[in-house]
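J.: Structure in structure tokens, see below.
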Amino acid sequence: MEIIFNCPHCDQELSVDAEGAGSEIPCPTCGEVIVIPEKSEKAAPTSAPAASGQETSPNLAPSAIASSAAAKVVMHLKVPVHAKPGESLIKKPAVPLDAVAKGADKQIRVKTMRHDKCVESGHDKFDEMVTKVLADIGEQNIIGIHPISYEHFDVQTQKVMTDYGLVIIYRG
């Protein structure tokens with residue numbers, strides 16, 4: 001026979017064999033020491049027979065659902081509630097020290113410099129803007145610089161123009 005009772009600290013429902021009655025155990029949920037009661041707090045409901053002379057009408061055939069094994073199983077389940085979520089057991093591996101020294105902790109980035117975006121008030125500022133971007137990135141972080149050729153619609157001349165630019169690949 002089992003003794004079913006709740007932990008007085010966290011209200012977790014516990015089930016212990018009747019031989020353990022009166023002994024002290026730690027609660028598996030909250031860790032507090034609790035004493036197992038002598039009898040089950042969750043007594044199964046007992047149906048008292050009709051002793052007052054009232055006759056009950058017999059069922060002709062038992063219901064298939066009521067007589068199944070699943071209908072006789074009583075589940076006493078509770079979900080434990082904790083104040084904070086448990087810590088994650090899977091952690092991101094650390095970057096090796098030699099990779100950090102080489103700058104591997106930086107992401108690879110791409111910067112596209114288009115010539116038509118570097119013209120201000122009729123003055124070509126492409127060289128100055130490229131120089132400023134390259135100085136900001138730093139020579140040690142540059143992976144590659146590639147020229148590009150592209151077409152765009154010029155609003156002033158109402159024509160499709162072919163222009164040039166640069167693609168800079170760097171760590172940053």
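Starting from 1 in every chain, residues are counted up; chains themselves are A, B, ... following the order of the structure tokens, and ligands are numbered from 1 as listed.
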Could you give me, as a count of residues only, the residues within 7 Å of range 139-155 of chain A, counting only C-alpha atoms and dropping anything in the same chain fewer than 3 positions from it?
T.: 14
J.: Do you know which residues are at most 7 Å from range 33-35 of chain A counting only C-alpha atoms, after dropping those on the same chain fewer than 3 positions away, and could you put them as a list in words?
T.: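 Residues meeting the cut-off are Gly22, Ser23, Glu24, Ile25, Pro26 and Cys27 of chain A.
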J.: Report as JSON, numbers by chain all protein, DNA and RNA residues lying within 12 Å of Glu19 in chain A, evaluated on only C-alpha atoms, omitting residues in the same chain fewer than 2 positions from it.
T.: {"A": [1, 2, 3, 15, 16, 17, 21, 22, 23, 36, 37, 38, 39]}
J.: Generate the output file for the selected residues, N, CA and C atoms, as a PDB file, in the first residue's frame.
T.:
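The new file again_33.pdb reads:
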```pdb
ATOM      1  N   MET A   1       0.843  -1.177   0.000  1.00  0.00           N
ATOM      2  CA  MET A   1       0.000   0.000   0.000  1.00  0.00           C
ATOM      3  C   MET A   1       0.889   1.240   0.000  1.00  0.00           C
ATOM      4  N   GLU A   2       0.460   2.268  -0.678  1.00  0.00           N
ATOM      5  CA  GLU A   2       1.227   3.496  -0.764  1.00  0.00           C
ATOM      6  C   GLU A   2       0.592   4.593   0.073  1.00  0.00           C
ATOM      7  N   ILE A   3       1.450   5.476   0.569  1.00  0.00           N
ATOM      8  CA  ILE A   3       0.985   6.661   1.290  1.00  0.00           C
ATOM      9  C   ILE A   3       1.187   7.842   0.351  1.00  0.00           C
ATOM     10  N   SER A  15       4.524  10.147  -3.215  1.00  0.00           N
ATOM     11  CA  SER A  15       3.979   8.825  -2.972  1.00  0.00           C
ATOM     12  C   SER A  15       5.105   7.950  -2.426  1.00  0.00           C
ATOM     13  N   VAL A  16       4.867   7.325  -1.252  1.00  0.00           N
ATOM     14  CA  VAL A  16       5.883   6.516  -0.584  1.00  0.00           C
ATOM     15  C   VAL A  16       5.241   5.201  -0.173  1.00  0.00           C
ATOM     16  N   ASP A  17       6.033   4.126  -0.156  1.00  0.00           N
ATOM     17  CA  ASP A  17       5.546   2.837   0.301  1.00  0.00           C
ATOM     18  C   ASP A  17       5.177   2.939   1.782  1.00  0.00           C
ATOM     19  N   ALA A  21       6.525   4.900   6.644  1.00  0.00           N
ATOM     20  CA  ALA A  21       5.739   5.821   7.470  1.00  0.00           C
ATOM     21  C   ALA A  21       6.507   6.204   8.725  1.00  0.00           C
ATOM     22  N   GLY A  22       6.517   7.507   9.044  1.00  0.00           N
ATOM     23  CA  GLY A  22       7.179   8.014  10.235  1.00  0.00           C
ATOM     24  C   GLY A  22       8.633   8.387  10.028  1.00  0.00           C
ATOM     25  N   SER A  23       9.229   8.026   8.909  1.00  0.00           N
ATOM     26  CA  SER A  23      10.642   8.347   8.682  1.00  0.00           C
ATOM     27  C   SER A  23      10.771   9.724   8.027  1.00  0.00           C
ATOM     28  N   ILE A  36       7.267  11.512   6.853  1.00  0.00           N
ATOM     29  CA  ILE A  36       6.213  10.797   6.144  1.00  0.00           C
ATOM     30  C   ILE A  36       5.092  10.503   7.134  1.00  0.00           C
ATOM     31  N   PRO A  37       3.846  10.894   6.828  1.00  0.00           N
ATOM     32  CA  PRO A  37       2.739  10.651   7.765  1.00  0.00           C
ATOM     33  C   PRO A  37       2.417   9.153   7.877  1.00  0.00           C
ATOM     34  N   GLU A  38       1.704   8.815   8.954  1.00  0.00           N
ATOM     35  CA  GLU A  38       1.347   7.413   9.211  1.00  0.00           C
ATOM     36  C   GLU A  38       0.308   6.886   8.221  1.00  0.00           C
ATOM     37  N   LYS A  39      -0.618   7.755   7.800  1.00  0.00           N
ATOM     38  CA  LYS A  39      -1.634   7.309   6.848  1.00  0.00           C
ATOM     39  C   LYS A  39      -1.721   8.313   5.704  1.00  0.00           C
TER      40      LYS A  39
END
```
J.: Given the choices A:Pro96, A:Pro8, A:Gly172, A:Gly122, which gets closest to Ile137 in chain A if the distance is worked out from only C-alpha atoms?
T.: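 When distances to Ile137 in chain A are compared using only C-alpha atoms, the smallest one comes from A:Gly172.
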J.: May I ask which of the residues A:Leu97, A:Leu77, A:Pro28, A:Met129 is the closest one to Asp116 in chain A, counting only C-alpha atoms?
T.: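 Once distances to Asp116 in chain A are computed over only C-alpha atoms, the minimum belongs to A:Met129.
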J.: Pick from A:His9, A:Thr131, A:Thr29, A:Pro93: nearest to Pro80 in chain A, with only C-alpha atoms counted?
T.: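 Among A:His9, A:Thr131, A:Thr29, A:Pro93, it is A:Thr29 that comes nearest to Pro80 in chain A.
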J.: One decimal, Å: what's the distance from CA of Thr112 in chain A over to CA of Gly138 in chain A, could you say?
T.: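 It comes out at 16.2 Å.
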J.: Go ahead and compute the interatomic distance for CA of Ile108 in chain A and CA of Val95 in chain A, in Å to one decimal.
T.: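 Computing it gives 16.1 Å between the two atoms.
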